[in-house]
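Novice: So that you have it, the file is entry-v4.cif, and it contains mmCIF, C-alpha atoms:
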```
data_data
loop_
_atom_site.group_PDB
_atom_site.id
_atom_site.type_symbol
_atom_site.label_atom_id
_atom_site.label_comp_id
_atom_site.auth_asym_id
_atom_site.auth_seq_id
_atom_site.Cartn_x
_atom_site.Cartn_y
_atom_site.Cartn_z
ATOM 1 C CA MET A 1181 -1.980 -8.188 8.810
ATOM 2 C CA LYS A 1182 1.222 -6.191 8.764
ATOM 3 C CA LEU A 1183 2.054 -3.316 6.391
ATOM 4 C CA THR A 1184 5.713 -2.536 5.711
ATOM 5 C CA ILE A 1185 7.093 0.029 3.271
ATOM 6 C CA SER A 1186 10.736 0.564 2.356
ATOM 7 C CA ASP A 1187 12.342 3.996 2.650
ATOM 8 C CA GLN A 1188 12.768 4.200 -1.136
ATOM 9 C CA ALA A 1189 9.137 3.280 -1.827
ATOM 10 C CA ALA A 1190 7.894 5.817 0.743
ATOM 11 C CA GLU A 1191 10.060 8.525 -0.822
ATOM 12 C CA TRP A 1192 8.712 7.669 -4.277
ATOM 13 C CA TYR A 1193 5.109 8.132 -3.104
ATOM 14 C CA ILE A 1194 5.998 11.362 -1.294
ATOM 15 C CA ASP A 1195 7.744 12.828 -4.343
ATOM 16 C CA GLU A 1196 5.330 11.507 -6.978
ATOM 17 C CA LEU A 1197 2.156 12.566 -5.140
ATOM 18 C CA GLY A 1198 3.522 15.683 -3.451
ATOM 19 C CA LEU A 1199 2.620 14.325 -0.010
ATOM 20 C CA GLN A 1200 3.124 16.678 2.908
ATOM 21 C CA GLU A 1201 3.859 15.958 6.563
ATOM 22 C CA GLY A 1202 0.690 14.540 8.122
ATOM 23 C CA SER A 1203 -0.703 13.178 4.831
ATOM 24 C CA HIS A 1204 -2.468 9.803 4.668
ATOM 25 C CA LEU A 1205 -2.119 7.318 1.819
ATOM 26 C CA ARG A 1206 -4.575 4.446 1.649
ATOM 27 C CA PHE A 1207 -3.938 1.187 -0.201
ATOM 28 C CA TYR A 1208 -7.361 -0.079 -1.262
ATOM 29 C CA VAL A 1209 -8.793 -2.988 -3.243
ATOM 30 C CA ARG A 1210 -9.931 -2.252 -6.771
ATOM 31 C CA TYR A 1211 -11.602 -4.429 -9.366
ATOM 32 C CA GLY A 1212 -9.305 -5.420 -12.225
ATOM 33 C CA GLY A 1213 -5.590 -5.691 -12.570
ATOM 34 C CA HIS A 1214 -3.436 -8.533 -11.343
ATOM 35 C CA SER A 1215 -2.167 -9.762 -8.010
ATOM 36 C CA THR A 1216 -0.792 -12.985 -6.619
ATOM 37 C CA VAL A 1217 -3.362 -13.120 -3.781
ATOM 38 C CA GLN A 1218 -6.708 -12.364 -5.488
ATOM 39 C CA SER A 1219 -7.527 -13.042 -9.116
ATOM 40 C CA GLY A 1220 -9.191 -10.107 -10.870
ATOM 41 C CA PHE A 1221 -8.346 -7.548 -8.172
ATOM 42 C CA SER A 1222 -5.371 -5.310 -7.418
ATOM 43 C CA LEU A 1223 -4.356 -2.489 -5.090
ATOM 44 C CA GLY A 1224 -4.948 1.170 -5.769
ATOM 45 C CA ILE A 1225 -3.896 4.226 -3.797
ATOM 46 C CA MET A 1226 -5.903 7.172 -2.534
ATOM 47 C CA GLN A 1227 -5.112 10.157 -0.353
ATOM 48 C CA GLU A 1228 -7.680 10.206 2.438
ATOM 49 C CA GLU A 1229 -7.855 10.011 6.205
ATOM 50 C CA PRO A 1230 -8.445 6.563 7.731
ATOM 51 C CA GLU A 1231 -11.879 5.574 8.974
ATOM 52 C CA ASN A 1232 -10.987 2.194 10.479
ATOM 53 C CA ALA A 1233 -7.367 1.331 9.667
ATOM 54 C CA ALA A 1234 -6.511 -2.325 10.174
ATOM 55 C CA ALA A 1235 -2.833 -1.992 9.286
ATOM 56 C CA ALA A 1236 -0.711 1.141 9.206
ATOM 57 C CA THR A 1237 2.827 2.394 9.258
ATOM 58 C CA THR A 1238 4.301 5.875 9.375
ATOM 59 C CA MET A 1239 7.314 6.853 7.289
ATOM 60 C CA ASN A 1240 8.662 10.411 7.067
ATOM 61 C CA GLU A 1241 5.545 11.745 8.828
ATOM 62 C CA ILE A 1242 3.242 10.119 6.228
ATOM 63 C CA ASN A 1243 0.623 7.564 7.361
ATOM 64 C CA PHE A 1244 0.369 4.586 4.972
ATOM 65 C CA TYR A 1245 -2.554 2.295 5.743
ATOM 66 C CA VAL A 1246 -5.111 -0.354 4.758
ATOM 67 C CA GLU A 1247 -8.736 -0.162 5.907
ATOM 68 C CA GLU A 1248 -10.340 -3.051 7.779
ATOM 69 C CA LYS A 1249 -12.935 -3.497 5.022
ATOM 70 C CA ASP A 1250 -10.126 -4.370 2.571
ATOM 71 C CA LEU A 1251 -8.490 -7.091 4.688
ATOM 72 C CA TRP A 1252 -10.271 -9.896 2.775
ATOM 73 C CA TYR A 1253 -8.052 -9.124 -0.221
ATOM 74 C CA PHE A 1254 -4.846 -10.077 1.606
ATOM 75 C CA ASP A 1255 -6.078 -13.594 2.444
ATOM 76 C CA GLY A 1256 -3.774 -14.025 5.448
ATOM 77 C CA HIS A 1257 -0.793 -12.218 3.898
ATOM 78 C CA ASP A 1258 1.234 -9.209 4.993
ATOM 79 C CA LEU A 1259 1.922 -6.406 2.513
ATOM 80 C CA LEU A 1260 5.529 -5.420 1.875
ATOM 81 C CA ILE A 1261 6.024 -2.449 -0.443
ATOM 82 C CA THR A 1262 9.532 -2.265 -1.862
ATOM 83 C CA PHE A 1263 11.108 -0.224 -4.648
ATOM 84 C CA ASN A 1264 11.889 -1.825 -8.000
ATOM 85 C CA GLU A 1265 15.119 -0.182 -9.195
ATOM 86 C CA LYS A 1266 14.726 -1.466 -12.759
ATOM 87 C CA LEU A 1267 11.188 -0.103 -13.190
ATOM 88 C CA THR A 1268 11.826 2.863 -10.842
ATOM 89 C CA GLU A 1269 8.517 2.377 -9.048
ATOM 90 C CA PRO A 1270 7.065 0.722 -5.943
ATOM 91 C CA GLU A 1271 6.314 -2.989 -6.018
ATOM 92 C CA PHE A 1272 3.829 -4.953 -3.891
ATOM 93 C CA GLN A 1273 4.948 -8.209 -2.317
ATOM 94 C CA TYR A 1274 2.687 -10.490 -0.309
ATOM 95 C CA GLU A 1275 4.107 -12.664 2.452
ATOM 96 C CA LYS A 1276 2.128 -15.233 4.419
ATOM 97 C CA SER A 1277 1.407 -13.831 7.901
ATOM 98 C CA ALA A 1278 3.158 -15.556 10.777
#
```
Turn the structure described in the file into structure tokens.

Specialist:
Amino acid sequence: MKLTISDQAAEWYIDELGLQEGSHLRFYVRYGGHSTVQSGFSLGIMQEEPENAAAATTMNEINFYVEEKDLWYFDGHDLLITFNEKLTEPEFQYEKSA
């Protein structure tokens, strides 16, 4: 699984959450909500250090990651986080892994 985040989306998280250099932001599975890969589940975010990161990327000295225990949710898809200009917020896109 690959995790990619656009510059604009990373900046939004940094500004919105007041993230500092060296911060960690986890994308985790939560019950409820809507996604195109798992019915009845969606992604949440939490500031915490990784225990066993399965996918990670660093943007502007911030570590964005997904834990290994949450990989089931992605069902063979990569996570691409872009920025929705119209809604002025990040948007999750799921692309089938190569």

Novice: Evaluate the PyMOL selection byres ((chain A and resi 1188) around 10) on the structure here and hand back the selected residues as a VMD selection string.

Specialist: chain A and resid 1185 to 1187 1189 to 1194 1261 to 1265 1268 to 1270

Novice: Assuming the chain letters and numbering stay as they are in my file, what does the PyMOL selection byres ((chain A and resi 1216) around 12) actually select? List them as number ranges by chain.

Specialist: A: 1213-1215, 1217-1223, 1253-1255, 1257, 1259, 1272-1276

Novice: Store the residues of this selection in a file with C-alpha atoms, as a PDB file, in the coordinates of the input.

Specialist:
```pdb
ATOM      1  CA  GLY A1213      -5.590  -5.691 -12.570  1.00  0.00           C
ATOM      2  CA  HIS A1214      -3.436  -8.533 -11.343  1.00  0.00           C
ATOM      3  CA  SER A1215      -2.167  -9.762  -8.010  1.00  0.00           C
ATOM      4  CA  VAL A1217      -3.362 -13.120  -3.781  1.00  0.00           C
ATOM      5  CA  GLN A1218      -6.708 -12.364  -5.488  1.00  0.00           C
ATOM      6  CA  SER A1219      -7.527 -13.042  -9.116  1.00  0.00           C
ATOM      7  CA  GLY A1220      -9.191 -10.107 -10.870  1.00  0.00           C
ATOM      8  CA  PHE A1221      -8.346  -7.548  -8.172  1.00  0.00           C
ATOM      9  CA  SER A1222      -5.371  -5.310  -7.418  1.00  0.00           C
ATOM     10  CA  LEU A1223      -4.356  -2.489  -5.090  1.00  0.00           C
ATOM     11  CA  TYR A1253      -8.052  -9.124  -0.221  1.00  0.00           C
ATOM     12  CA  PHE A1254      -4.846 -10.077   1.606  1.00  0.00           C
ATOM     13  CA  ASP A1255      -6.078 -13.594   2.444  1.00  0.00           C
ATOM     14  CA  HIS A1257      -0.793 -12.218   3.898  1.00  0.00           C
ATOM     15  CA  LEU A1259       1.922  -6.406   2.513  1.00  0.00           C
ATOM     16  CA  PHE A1272       3.829  -4.953  -3.891  1.00  0.00           C
ATOM     17  CA  GLN A1273       4.948  -8.209  -2.317  1.00  0.00           C
ATOM     18  CA  TYR A1274       2.687 -10.490  -0.309  1.00  0.00           C
ATOM     19  CA  GLU A1275       4.107 -12.664   2.452  1.00  0.00           C
ATOM     20  CA  LYS A1276       2.128 -15.233   4.419  1.00  0.00           C
TER      21      LYS A1276
END
```

Novice: Just the number, please: distance in Å from atom CA of A:Ser1277 to atom CA of A:Val1209, one decimal.

Specialist: 18.6 Å

Novice: Using only C-alpha atoms and a cutoff of 9 Å, can you tell me which residues are near (0.7, 15.9, 9.0) in the file's coordinates, and write them out as a count of residues only?

Specialist: 8

Novice: Restricting the calculation to only C-alpha atoms: of A:Ala1278, A:Tyr1211, A:Lys1182, A:Leu1197, which residue gets closest to A:Val1246?

Specialist: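 Result for the nearest residue to A:Val1246: A:Lys1182.
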
Novice: Work out how far apart atom CA of A:Pro1230 and atom CA of A:Glu1248 are and give it in Å to one decimal.

Specialist: 9.8 Å

Novice: What box, with edges along x, y and z, holds each listed atom of stretch 1254-1267 of chain A when 4 Å is added on every side, and can you state its centre and edge lengths in Å to one decimal, as lines of an AutoDock Vina configuration file?

Specialist:
```
center_x = 4.5
center_y = -7.1
center_z = -3.9
size_x = 29.2
size_y = 21.9
size_z = 26.6
```

Novice: Atom CA of A:Leu1205 to atom CA of A:Ala1233: how many Å, to one decimal?

Specialist: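 Separation between atom CA of A:Leu1205 and atom CA of A:Ala1233: 11.2 Å.
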
Novice: Just so I have it separately, write chain A from the block I sent, keeping C-alpha atoms, as a tab-separated table (two decimals), in the first residue's frame.

Specialist:
```tsv
chain	number	residue	atom	x	y	z
A	1181	MET	CA	0.00	0.00	0.00
A	1182	LYS	CA	1.22	3.45	-0.91
A	1183	LEU	CA	0.28	6.71	0.85
A	1184	THR	CA	0.54	9.96	-1.11
A	1185	ILE	CA	-0.49	13.43	0.05
A	1186	SER	CA	-0.55	16.60	-2.03
A	1187	ASP	CA	1.28	19.73	-0.87
A	1188	GLN	CA	-2.03	21.58	-0.43
A	1189	ALA	CA	-3.58	18.78	1.64
A	1190	ALA	CA	-0.47	18.54	3.85
A	1191	GLU	CA	-0.53	22.30	4.41
A	1192	TRP	CA	-4.21	22.15	5.34
A	1193	TYR	CA	-3.54	19.53	8.03
A	1194	ILE	CA	-0.52	21.47	9.31
A	1195	ASP	CA	-2.47	24.73	9.57
A	1196	GLU	CA	-5.75	23.25	10.81
A	1197	LEU	CA	-4.17	21.05	13.49
A	1198	GLY	CA	-1.23	23.28	14.38
A	1199	LEU	CA	1.24	20.52	13.54
A	1200	GLN	CA	4.88	21.23	14.31
A	1201	GLU	CA	8.05	19.90	12.71
A	1202	GLY	CA	8.43	16.25	13.74
A	1203	SER	CA	4.70	15.70	14.33
A	1204	HIS	CA	2.99	12.45	13.31
A	1205	LEU	CA	-0.50	12.22	11.83
A	1206	ARG	CA	-2.13	8.81	11.64
A	1207	PHE	CA	-4.96	7.91	9.26
A	1208	TYR	CA	-6.95	5.18	11.00
A	1209	VAL	CA	-10.08	3.14	10.35
A	1210	ARG	CA	-13.20	4.15	12.24
A	1211	TYR	CA	-16.65	2.64	12.36
A	1212	GLY	CA	-19.27	4.67	10.51
A	1213	GLY	CA	-19.11	7.18	7.73
A	1214	HIS	CA	-18.73	6.41	4.06
A	1215	SER	CA	-15.96	5.26	1.78
A	1216	THR	CA	-15.70	3.66	-1.63
A	1217	VAL	CA	-13.57	0.74	-0.35
A	1218	GLN	CA	-15.36	-0.43	2.83
A	1219	SER	CA	-19.06	-0.04	3.53
A	1220	GLY	CA	-19.80	1.32	7.01
A	1221	PHE	CA	-16.24	2.47	7.72
A	1222	SER	CA	-14.23	5.61	7.01
A	1223	LEU	CA	-10.88	7.19	7.83
A	1224	GLY	CA	-10.20	9.32	10.87
A	1225	ILE	CA	-7.07	11.20	11.89
A	1226	MET	CA	-5.12	11.18	15.12
A	1227	GLN	CA	-1.87	12.76	16.25
A	1228	GLU	CA	0.28	9.98	17.66
A	1229	GLU	CA	3.62	8.31	17.04
A	1230	PRO	CA	3.60	5.18	14.86
A	1231	GLU	CA	3.82	1.74	16.42
A	1232	ASN	CA	4.05	-0.32	13.24
A	1233	ALA	CA	3.55	1.92	10.20
A	1234	ALA	CA	2.76	0.04	7.01
A	1235	ALA	CA	2.65	3.10	4.76
A	1236	ALA	CA	4.11	6.53	5.41
A	1237	THR	CA	5.19	9.72	3.74
A	1238	THR	CA	6.85	12.85	5.05
A	1239	MET	CA	5.80	16.31	3.91
A	1240	ASN	CA	7.16	19.53	5.41
A	1241	GLU	CA	8.78	17.57	8.26
A	1242	ILE	CA	5.43	15.96	9.21
A	1243	ASN	CA	5.08	12.15	9.14
A	1244	PHE	CA	1.73	11.02	7.68
A	1245	TYR	CA	1.10	7.30	8.07
A	1246	VAL	CA	-1.21	4.27	8.24
A	1247	GLU	CA	-0.66	1.48	10.76
A	1248	GLU	CA	-0.31	-2.13	9.63
A	1249	LYS	CA	-3.40	-3.14	11.62
A	1250	ASP	CA	-5.52	-0.83	9.42
A	1251	LEU	CA	-4.37	-2.21	6.05
A	1252	TRP	CA	-7.46	-4.46	5.71
A	1253	TYR	CA	-9.54	-1.32	5.14
A	1254	PHE	CA	-7.74	-0.41	1.92
A	1255	ASP	CA	-8.50	-3.77	0.25
A	1256	GLY	CA	-5.57	-3.59	-2.17
A	1257	HIS	CA	-5.82	0.16	-2.80
A	1258	ASP	CA	-3.36	3.01	-2.37
A	1259	LEU	CA	-4.45	6.16	-0.54
A	1260	LEU	CA	-4.08	9.49	-2.33
A	1261	ILE	CA	-4.99	12.56	-0.28
A	1262	THR	CA	-5.66	15.61	-2.42
A	1263	PHE	CA	-7.17	19.01	-1.70
A	1264	ASN	CA	-10.71	19.82	-2.81
A	1265	GLU	CA	-10.67	23.50	-3.79
A	1266	LYS	CA	-14.47	23.78	-3.81
A	1267	LEU	CA	-14.90	22.38	-0.29
A	1268	THR	CA	-11.53	23.77	0.90
A	1269	GLU	CA	-10.60	20.53	2.63
A	1270	PRO	CA	-8.63	17.32	2.04
A	1271	GLU	CA	-10.23	14.53	0.05
A	1272	PHE	CA	-9.43	10.80	0.13
A	1273	GLN	CA	-9.06	8.94	-3.15
A	1274	TYR	CA	-8.45	5.21	-3.42
A	1275	GLU	CA	-6.54	3.78	-6.36
A	1276	LYS	CA	-6.03	0.08	-7.03
A	1277	SER	CA	-2.44	-0.86	-6.12
A	1278	ALA	CA	-0.20	-1.82	-9.01
```
